file query29.cif (mmCIF, C-alpha atoms)
data_start
#
loop_
_atom_site.label_atom_id
_atom_site.label_comp_id
_atom_site.auth_asym_id
_atom_site.auth_seq_id
_atom_site.Cartn_x
_atom_site.Cartn_y
_atom_site.Cartn_z
CA MET A 1057 23.41 -5.83 20.90
CA ARG A 1058 21.97 -7.30 17.73
CA ALA A 1059 19.00 -5.69 16.00
CA LEU A 1060 17.53 -8.85 14.44
CA GLY A 1061 17.10 -12.46 15.50
CA PRO A 1062 16.41 -14.21 18.80
CA GLY A 1063 17.63 -12.35 21.91
CA SER A 1064 17.93 -9.08 19.96
CA VAL A 1065 16.39 -5.63 20.34
CA SER A 1066 13.57 -6.82 18.05
CA SER A 1067 12.64 -9.66 20.39
CA LEU A 1068 12.62 -7.24 23.33
CA LEU A 1069 10.32 -4.87 21.44
CA LYS A 1070 8.13 -7.82 20.46
CA ILE A 1071 7.62 -8.65 24.16
CA VAL A 1072 6.73 -5.00 24.90
CA LEU A 1073 4.25 -5.00 21.99
CA ASP A 1074 2.71 -8.27 23.25
CA VAL A 1075 2.08 -6.71 26.65
CA VAL A 1076 0.66 -3.49 25.15
CA TYR A 1077 -1.53 -5.55 22.79
CA GLY A 1078 -2.97 -7.52 25.72
CA LEU A 1079 -3.75 -4.29 27.58
CA MET A 1080 -5.36 -2.74 24.49
CA LEU A 1081 -7.60 -5.79 24.02
CA PHE A 1082 -8.64 -5.48 27.66
CA VAL A 1083 -9.49 -1.78 27.22
CA VAL A 1084 -11.46 -2.48 24.01
CA GLY A 1085 -13.40 -5.22 25.82
CA ILE A 1086 -14.24 -2.89 28.72
CA LEU A 1087 -15.39 -0.16 26.29
CA VAL A 1088 -17.63 -2.58 24.36
CA ILE A 1089 -19.21 -3.89 27.57
CA ALA A 1090 -19.67 -0.32 28.87
CA ALA A 1091 -21.26 0.81 25.57
CA ILE A 1092 -23.70 -2.12 25.60
CA GLY A 1093 -24.42 -1.48 29.30
CA ALA A 1094 -25.15 2.21 28.59
CA LEU A 1095 -27.74 1.20 26.01
CA LEU A 1096 -29.38 -1.56 28.04
CA PHE A 1097 -29.32 -0.18 31.59
CA LYS A 1098 -30.49 3.12 33.03
CA ILE A 1099 -27.76 4.95 34.88
CA ASP A 1100 -28.48 6.30 38.35
CA PRO A 1101 -29.25 10.05 37.91
CA ALA A 1102 -27.57 10.84 41.24
CA ILE A 1103 -24.25 9.57 39.86
CA ILE A 1104 -24.78 11.29 36.54
CA LYS A 1105 -25.29 14.70 38.21
CA GLN A 1106 -21.81 14.48 39.70
CA MET A 1107 -20.25 13.75 36.31
CA SER A 1108 -18.92 16.25 33.83
CA ILE A 1109 -17.05 15.63 30.60
CA ASN A 1110 -15.28 18.52 28.89
CA GLY A 1111 -17.42 21.03 30.73
CA MET A 1112 -20.60 19.31 29.60
CA PRO A 1113 -23.12 19.02 32.43
CA GLY A 1114 -23.95 15.55 33.69
CA GLU A 1115 -27.64 15.87 32.78
CA ARG A 1116 -26.74 15.59 29.14
CA LEU A 1117 -24.94 12.35 29.88
CA SER A 1118 -28.06 10.77 31.35
CA GLN A 1119 -29.09 9.87 27.81
CA GLY A 1120 -27.90 6.30 27.33
CA PRO A 1121 -27.46 6.50 23.55
CA ILE A 1122 -25.13 9.52 23.89
CA ILE A 1123 -22.91 7.66 26.36
CA ALA A 1124 -23.02 4.61 24.07
CA LEU A 1125 -22.05 6.81 21.10
CA LEU A 1126 -19.14 8.33 23.04
CA LEU A 1127 -17.92 4.92 24.15
CA THR A 1128 -18.28 3.49 20.62
CA VAL A 1129 -16.21 6.31 19.11
CA VAL A 1130 -13.51 5.89 21.77
CA GLY A 1131 -13.71 2.10 21.30
CA PHE A 1132 -13.30 2.52 17.53
CA TYR A 1133 -10.23 4.69 18.05
CA VAL A 1134 -8.66 2.31 20.60
CA GLY A 1135 -9.56 -0.62 18.30
CA GLY A 1136 -7.67 1.08 15.44
CA VAL A 1137 -4.60 1.53 17.63
CA THR A 1138 -4.92 -2.15 18.64
CA VAL A 1139 -4.90 -3.21 14.98
CA VAL A 1140 -1.73 -1.15 14.39
CA ILE A 1141 -0.06 -2.76 17.42
CA HIS A 1142 -1.17 -6.24 16.29
CA ARG A 1143 0.39 -5.71 12.85
CA LEU A 1144 3.55 -4.34 14.45
CA ARG A 1145 3.70 -7.51 16.59
CA GLN A 1146 3.49 -9.64 13.43
CA ILE A 1147 6.28 -7.60 11.79
CA PHE A 1148 8.47 -7.90 14.88
CA THR A 1149 7.84 -11.67 14.93
CA THR A 1150 9.50 -11.90 11.49
CA LEU A 1151 12.31 -9.58 12.65
CA THR A 1152 12.87 -11.80 15.68
CA ALA A 1153 13.03 -14.78 13.33
CA GLY A 1154 15.72 -12.90 11.36
CA ASP A 1155 13.53 -12.62 8.26
CA PRO A 1156 12.77 -8.90 7.79
CA PHE A 1157 11.84 -9.11 4.11
CA HIS A 1158 8.97 -11.52 4.56
CA PRO A 1159 6.42 -10.80 1.78
CA ASP A 1160 3.59 -10.41 4.32
CA ASN A 1161 5.39 -7.47 5.95
CA VAL A 1162 4.57 -5.32 2.92
CA THR A 1163 0.83 -5.83 3.40
CA ARG A 1164 1.19 -5.30 7.14
CA LEU A 1165 3.00 -1.99 6.71
CA ARG A 1166 0.47 -0.78 4.15
CA LEU A 1167 -2.36 -1.67 6.54
CA ILE A 1168 -0.61 0.19 9.36
CA GLY A 1169 -0.33 3.24 7.09
CA LEU A 1170 -4.00 3.07 6.12
CA MET A 1171 -5.02 2.61 9.75
CA LEU A 1172 -2.95 5.64 10.79
CA VAL A 1173 -4.68 7.69 8.06
CA THR A 1174 -8.06 6.48 9.35
CA LEU A 1175 -7.16 7.31 12.96
CA GLU A 1176 -5.91 10.76 12.00
CA LEU A 1177 -9.10 11.49 10.04
CA THR A 1178 -11.21 10.05 12.87
CA GLY A 1179 -9.55 12.57 15.19
CA TYR A 1180 -10.76 15.41 12.95
CA VAL A 1181 -14.26 13.91 12.73
CA ILE A 1182 -14.42 13.55 16.52
CA SER A 1183 -13.44 17.19 17.03
CA VAL A 1184 -16.12 18.32 14.55
CA GLY A 1185 -18.71 15.92 15.99
CA GLN A 1186 -17.94 17.05 19.52
CA VAL A 1187 -18.85 20.63 18.66
CA TRP A 1188 -21.98 19.47 16.82
CA ILE A 1189 -23.29 17.13 19.57
CA PHE A 1190 -22.18 19.18 22.59
CA PRO A 1191 -22.29 22.85 21.53
CA ASN A 1192 -21.80 24.05 25.14
CA GLY A 1193 -18.91 21.72 25.95
CA THR A 1194 -15.26 22.68 26.13
CA LYS A 1195 -13.84 22.75 22.63
CA GLU A 1196 -10.60 20.84 22.10
CA GLU A 1197 -8.55 22.14 19.21
CA THR A 1198 -7.52 19.45 16.71
CA SER A 1199 -5.10 21.17 14.40
CA PHE A 1200 -3.47 19.74 11.30
CA SER A 1201 -0.40 17.88 12.51
CA LEU A 1202 2.36 17.92 9.93
CA SER A 1203 4.51 15.44 11.86
CA SER A 1204 1.65 12.88 11.94
CA TRP A 1205 1.14 13.03 8.18
CA PHE A 1206 4.91 12.94 7.65
CA SER A 1207 5.09 9.75 9.77
CA ILE A 1208 2.25 8.21 7.75
CA LEU A 1209 4.07 8.94 4.49
CA VAL A 1210 7.25 7.39 5.96
CA VAL A 1211 5.29 4.20 6.73
CA PHE A 1212 4.06 3.98 3.12
CA VAL A 1213 7.61 4.58 1.80
CA LEU A 1214 8.90 1.87 4.18
CA ALA A 1215 6.25 -0.50 2.79
CA GLU A 1216 7.67 0.08 -0.69
CA VAL A 1217 11.22 -0.47 0.59
CA PHE A 1218 10.10 -3.79 2.11
CA ARG A 1219 8.36 -4.71 -1.17
CA GLU A 1220 11.62 -4.17 -3.04
CA GLY A 1221 13.51 -6.15 -0.38
CA ALA A 1222 11.02 -9.01 -0.63
CA ARG A 1223 11.33 -8.99 -4.43
CA LEU A 1224 15.13 -9.15 -4.23
CA ARG A 1225 14.91 -11.96 -1.70
CA ARG A 1226 12.65 -13.89 -4.08
CA GLU A 1227 15.11 -13.26 -6.93
CA ALA A 1228 17.97 -14.57 -4.79
CA GLU A 1229 15.95 -17.66 -3.85
CA LEU A 1230 15.31 -18.42 -7.53
CA THR A 1231 18.93 -17.93 -8.58
CA ILE A 1232 20.50 -21.38 -8.86
CA MET B 217 10.09 -17.49 -19.00
CA PRO B 218 11.09 -17.78 -22.70
CA ILE B 219 14.42 -19.41 -21.72
CA ALA B 220 13.91 -23.13 -21.07
CA VAL B 221 16.38 -25.47 -19.38
CA GLN B 222 16.60 -28.79 -21.23
CA LEU B 223 17.59 -30.73 -18.16
CA ASP B 224 15.02 -33.50 -18.64
CA ARG B 225 16.21 -34.33 -22.15
CA LEU B 226 19.91 -34.27 -21.23
CA LEU B 227 19.33 -36.46 -18.17
CA TYR B 228 17.35 -38.93 -20.27
CA ASP B 229 20.04 -39.03 -22.98
CA ARG B 230 22.72 -39.72 -20.37
CA ARG B 231 20.57 -42.17 -18.36
CA MET B 232 21.25 -40.10 -15.27
CA SER B 233 18.86 -39.40 -12.39
CA LEU B 234 18.25 -35.98 -10.91
CA THR B 235 19.59 -37.20 -7.56
CA GLU B 236 22.84 -38.37 -9.15
CA LEU B 237 23.29 -35.07 -10.97
CA ALA B 238 22.58 -33.16 -7.75
CA ASP B 239 25.30 -35.16 -5.98
CA ARG B 240 27.82 -34.59 -8.76
CA VAL B 241 27.12 -30.88 -9.23
CA GLY B 242 26.70 -30.02 -5.56
CA VAL B 243 23.28 -28.42 -6.03
CA THR B 244 20.27 -29.53 -4.01
CA ILE B 245 17.55 -31.58 -5.71
CA ALA B 246 15.10 -28.83 -4.82
CA ASN B 247 17.17 -26.26 -6.72
CA LEU B 248 17.61 -28.59 -9.71
CA SER B 249 13.83 -29.08 -9.73
CA ILE B 250 13.40 -25.29 -9.85
CA LEU B 251 15.71 -25.25 -12.88
CA LYS B 252 13.95 -28.20 -14.51
CA THR B 253 10.47 -26.75 -14.09
CA GLY B 254 11.49 -23.36 -15.48
CA LYS B 255 10.81 -21.47 -12.26
CA ALA B 256 14.39 -20.23 -11.90
CA ARG B 257 15.04 -16.53 -12.46
CA ALA B 258 18.80 -16.79 -13.01
CA MET B 259 21.65 -19.27 -13.15
CA ARG B 260 25.17 -18.65 -11.83
CA PHE B 261 28.08 -19.27 -14.21
CA SER B 262 29.48 -21.67 -11.59
CA THR B 263 26.26 -23.75 -11.73
CA LEU B 264 26.25 -23.67 -15.55
CA ASP B 265 29.91 -24.71 -15.54
CA ALA B 266 29.24 -27.65 -13.20
CA LEU B 267 26.16 -28.80 -15.15
CA CYS B 268 27.98 -28.65 -18.52
CA ARG B 269 30.95 -30.51 -17.06
CA GLU B 270 28.88 -33.32 -15.52
CA LEU B 271 26.46 -33.62 -18.43
CA ASP B 272 29.30 -33.26 -20.95
CA CYS B 273 27.47 -30.64 -22.99
CA GLN B 274 27.64 -27.01 -24.11
CA PRO B 275 25.56 -24.22 -22.54
CA ALA B 276 23.60 -24.05 -25.79
CA ASP B 277 22.57 -27.69 -25.29
CA LEU B 278 21.21 -26.83 -21.86
CA LEU B 279 19.48 -23.53 -22.57
CA VAL B 280 17.06 -22.84 -25.41
CA PHE B 281 15.02 -19.78 -26.29
CA GLU B 282 11.34 -20.49 -26.76
CA PRO B 283 9.43 -17.43 -28.03
CA GLY B 284 6.57 -16.59 -25.75
CA PRO B 285 5.28 -13.95 -23.38
CA ALA B 286 7.96 -12.30 -21.28
CA ASP B 287 7.99 -12.88 -17.57
CA ILE B 288 5.61 -10.47 -15.89
CA GLU B 289 6.48 -8.63 -12.70
CA ASP B 290 5.71 -10.52 -9.53
CA GLU B 291 2.10 -10.04 -8.49
CA TRP B 292 2.43 -11.91 -5.24
CA ILE B 293 3.29 -8.84 -3.18
#
call {"tool": "encode", "arguments": {"input": "query29.cif", "output": "structure tokens"}}
result
Amino acid sequence: MRALGPGSVSSLLKIVLDVVYGLMLFVVGILVIAAIGALLFKIDPAIIKQMSINGMPGERLSQGPIIALLLTVVGFYVGGVTVVIHRLRQIFTTLTAGDPFHPDNVTRLRLIGLMLVTLELTGYVISVGQVWIFPNGTKEETSFSLSSWFSILVVFVLAEVFREGARLRREAELTI
Amino acid sequence: MPIAVQLDRLLYDRRMSLTELADRVGVTIANLSILKTGKARAMRFSTLDALCRELDCQPADLLVFEPGPADIEDEWI
């Protein structure tokens, strides 16, 4: 099976990414609506008492702004993943068209790398913030993940490889 | 690019159009335009051979060195 072009593995992956992207947009939309709802509407205390997040009692959740803050942070994280998937879709569109060294792919890969750095750092901030906001809640360990940072570096190196490929393509185009 | 292609002058001297030259040489008009406007990065020996043959000239008649700033690295990426 071919790796590039129409009807290839790339086109199959593009379809998968399209589906995932649609689902991610749906989740982000739900989170935004829920966060706005938590700020605007009072939640029934009877429901809240039955809830518990990470060992944190439901009473604490009855504060609308805290729920809104939680939902916003989760929404921000999911939004970041959505941006990464969107850029991957754009890259796979060029791969499906059989044009891997499209100049825009360099910018897209760099953005994916930066977004992955942001998401990784956000994970650390969330773990610190969780302890600060909910001192009695269950602590989730967020340790330094070497494989994550290795993957991020690989993405930046790939961006440079694509930049060189795009430059060579341009050279070939301007060789008469 | 300090190397200029004197295609305009040679075509004028020989009363030949760019379309006619493109047909004779087997290079597209778009590519000849790239050469003419100085946007080309390189020229194949086969292209130079065909141009010199059809224009009845030497490579030195086609290419001239015009001192100026060197081509800078692409900033478009």
call {"tool": "atom_distance", "arguments": {"input": "query29.cif", "atom1": "CA of Gly1078 (chain A)", "atom2": "CA of Thr1128 (chain A)"}}
result
19.5 Å
call {"tool": "closest_atom_pairs", "arguments": {"input": "query29.cif", "of": "chain A", "to": "chain B", "cutoff": "7 Å", "atoms": "only C-alpha atoms", "output": "Markdown table"}}
result
| residue | atom | partner | partner_atom | distance |
| --- | --- | --- | --- | --- |
| A:Pro1159 | CA | B:Ile293 | CA | 6.2 |
| A:Arg1219 | CA | B:Ile293 | CA | 6.8 |
| A:Glu1227 | CA | B:Arg257 | CA | 6.4 |
| A:Leu1230 | CA | B:Ala256 | CA | 4.8 |
| A:Thr1231 | CA | B:Ala258 | CA | 4.6 |
| A:Ile1232 | CA | B:Met259 | CA | 4.9 |
call {"tool": "resolve_selection", "arguments": {"input": "query29.cif", "expression": "the PyMOL selection byres ((chain A and resi 1130-1134) around 12)", "output": "ChimeraX atom specification"}}
result
/A:1076-1077,1079-1092,1123-1129,1135-1141,1171-1182
call {"tool": "residues_around", "arguments": {"input": "query29.cif", "residues": "Ser1067 (chain A)", "least_positions_apart": "5", "cutoff": "12 Å", "atoms": "all atoms listed in the file", "output": "list of chain:residue names"}}
result
A:Met1057, A:Arg1058, A:Ala1059, A:Leu1060, A:Gly1061, A:Pro1062, A:Val1072, A:Leu1073, A:Asp1074, A:Arg1145, A:Gln1146, A:Ile1147, A:Phe1148, A:Thr1149, A:Thr1150, A:Leu1151, A:Thr1152, A:Ala1153, A:Gly1154
call {"tool": "write_last_selection", "arguments": {"input": "query29.cif", "atoms": "C-alpha atoms", "output": "PDB file, keeping the file's coordinate frame"}}
result
ATOM      1  CA  MET A1057      23.410  -5.830  20.900  1.00  0.00           C
ATOM      2  CA  ARG A1058      21.970  -7.300  17.730  1.00  0.00           C
ATOM      3  CA  ALA A1059      19.000  -5.690  16.000  1.00  0.00           C
ATOM      4  CA  LEU A1060      17.530  -8.850  14.440  1.00  0.00           C
ATOM      5  CA  GLY A1061      17.100 -12.460  15.500  1.00  0.00           C
ATOM      6  CA  PRO A1062      16.410 -14.210  18.800  1.00  0.00           C
ATOM      7  CA  VAL A1072       6.730  -5.000  24.900  1.00  0.00           C
ATOM      8  CA  LEU A1073       4.250  -5.000  21.990  1.00  0.00           C
ATOM      9  CA  ASP A1074       2.710  -8.270  23.250  1.00  0.00           C
ATOM     10  CA  ARG A1145       3.700  -7.510  16.590  1.00  0.00           C
ATOM     11  CA  GLN A1146       3.490  -9.640  13.430  1.00  0.00           C
ATOM     12  CA  ILE A1147       6.280  -7.600  11.790  1.00  0.00           C
ATOM     13  CA  PHE A1148       8.470  -7.900  14.880  1.00  0.00           C
ATOM     14  CA  THR A1149       7.840 -11.670  14.930  1.00  0.00           C
ATOM     15  CA  THR A1150       9.500 -11.900  11.490  1.00  0.00           C
ATOM     16  CA  LEU A1151      12.310  -9.580  12.650  1.00  0.00           C
ATOM     17  CA  THR A1152      12.870 -11.800  15.680  1.00  0.00           C
ATOM     18  CA  ALA A1153      13.030 -14.780  13.330  1.00  0.00           C
ATOM     19  CA  GLY A1154      15.720 -12.900  11.360  1.00  0.00           C
TER      20      GLY A1154
END
call {"tool": "residues_around", "arguments": {"input": "query29.cif", "residues": "region 1198-1215 of chain A", "least_positions_apart": "3", "cutoff": "6 Å", "atoms": "only C-alpha atoms", "output": "ChimeraX atom specification"}}
result
/A:1162,1165-1166,1169,1218
call {"tool": "residues_around", "arguments": {"input": "query29.cif", "residues": "Glu270 (chain B)", "least_positions_apart": "2", "cutoff": "8 Å", "atoms": "all atoms listed in the file", "output": "list in words"}}
result
Leu237, Arg240, Val241, Ala266, Leu267, Cys268 and Asp272 of chain B
call {"tool": "atom_distance", "arguments": {"input": "query29.cif", "atom1": "CA of Gly1221 (chain A)", "atom2": "CA of Leu1167 (chain A)"}}
result
17.9 Å
call {"tool": "resolve_selection", "arguments": {"input": "query29.cif", "expression": "the PyMOL selection byres ((chain B and resi 283) around 6)", "output": "PyMOL selection string"}}
result
chain B and resi 218+282+284
call {"tool": "closest_residue", "arguments": {"input": "query29.cif", "among": "B:Asp239, B:Ile245, B:Arg269, B:Lys252", "to": "Leu223 (chain B)", "atoms": "only C-alpha atoms"}}
result
B:Lys252
call {"tool": "atom_distance", "arguments": {"input": "query29.cif", "atom1": "CA of Leu1224 (chain A)", "atom2": "CA of Asn1161 (chain A)"}}
result
14.2 Å
call {"tool": "residues_near_point", "arguments": {"input": "query29.cif", "point": "(11.0, -22.6, -16.6)", "cutoff": "6 Å", "atoms": "only C-alpha atoms", "output": "ChimeraX atom specification"}}
result
/B:217,220,253-255
call {"tool": "residues_near_point", "arguments": {"input": "query29.cif", "point": "(17.6, -31.4, -20.9)", "cutoff": "10 Å", "atoms": "all atoms listed in the file", "output": "compact mmCIF listing (two decimals) with C-alpha atoms, in the frame of the given file"}}
result
# COMPACT_ATOMS: atom_id res chain seq x y z
CA ALA B 220 13.91 -23.13 -21.07
CA VAL B 221 16.38 -25.47 -19.38
CA GLN B 222 16.60 -28.79 -21.23
CA LEU B 223 17.59 -30.73 -18.16
CA ASP B 224 15.02 -33.50 -18.64
CA ARG B 225 16.21 -34.33 -22.15
CA LEU B 226 19.91 -34.27 -21.23
CA LEU B 227 19.33 -36.46 -18.17
CA TYR B 228 17.35 -38.93 -20.27
CA ASP B 229 20.04 -39.03 -22.98
CA ARG B 230 22.72 -39.72 -20.37
CA LYS B 252 13.95 -28.20 -14.51
CA LEU B 271 26.46 -33.62 -18.43
CA ASP B 277 22.57 -27.69 -25.29
CA LEU B 278 21.21 -26.83 -21.86
CA LEU B 279 19.48 -23.53 -22.57
CA VAL B 280 17.06 -22.84 -25.41
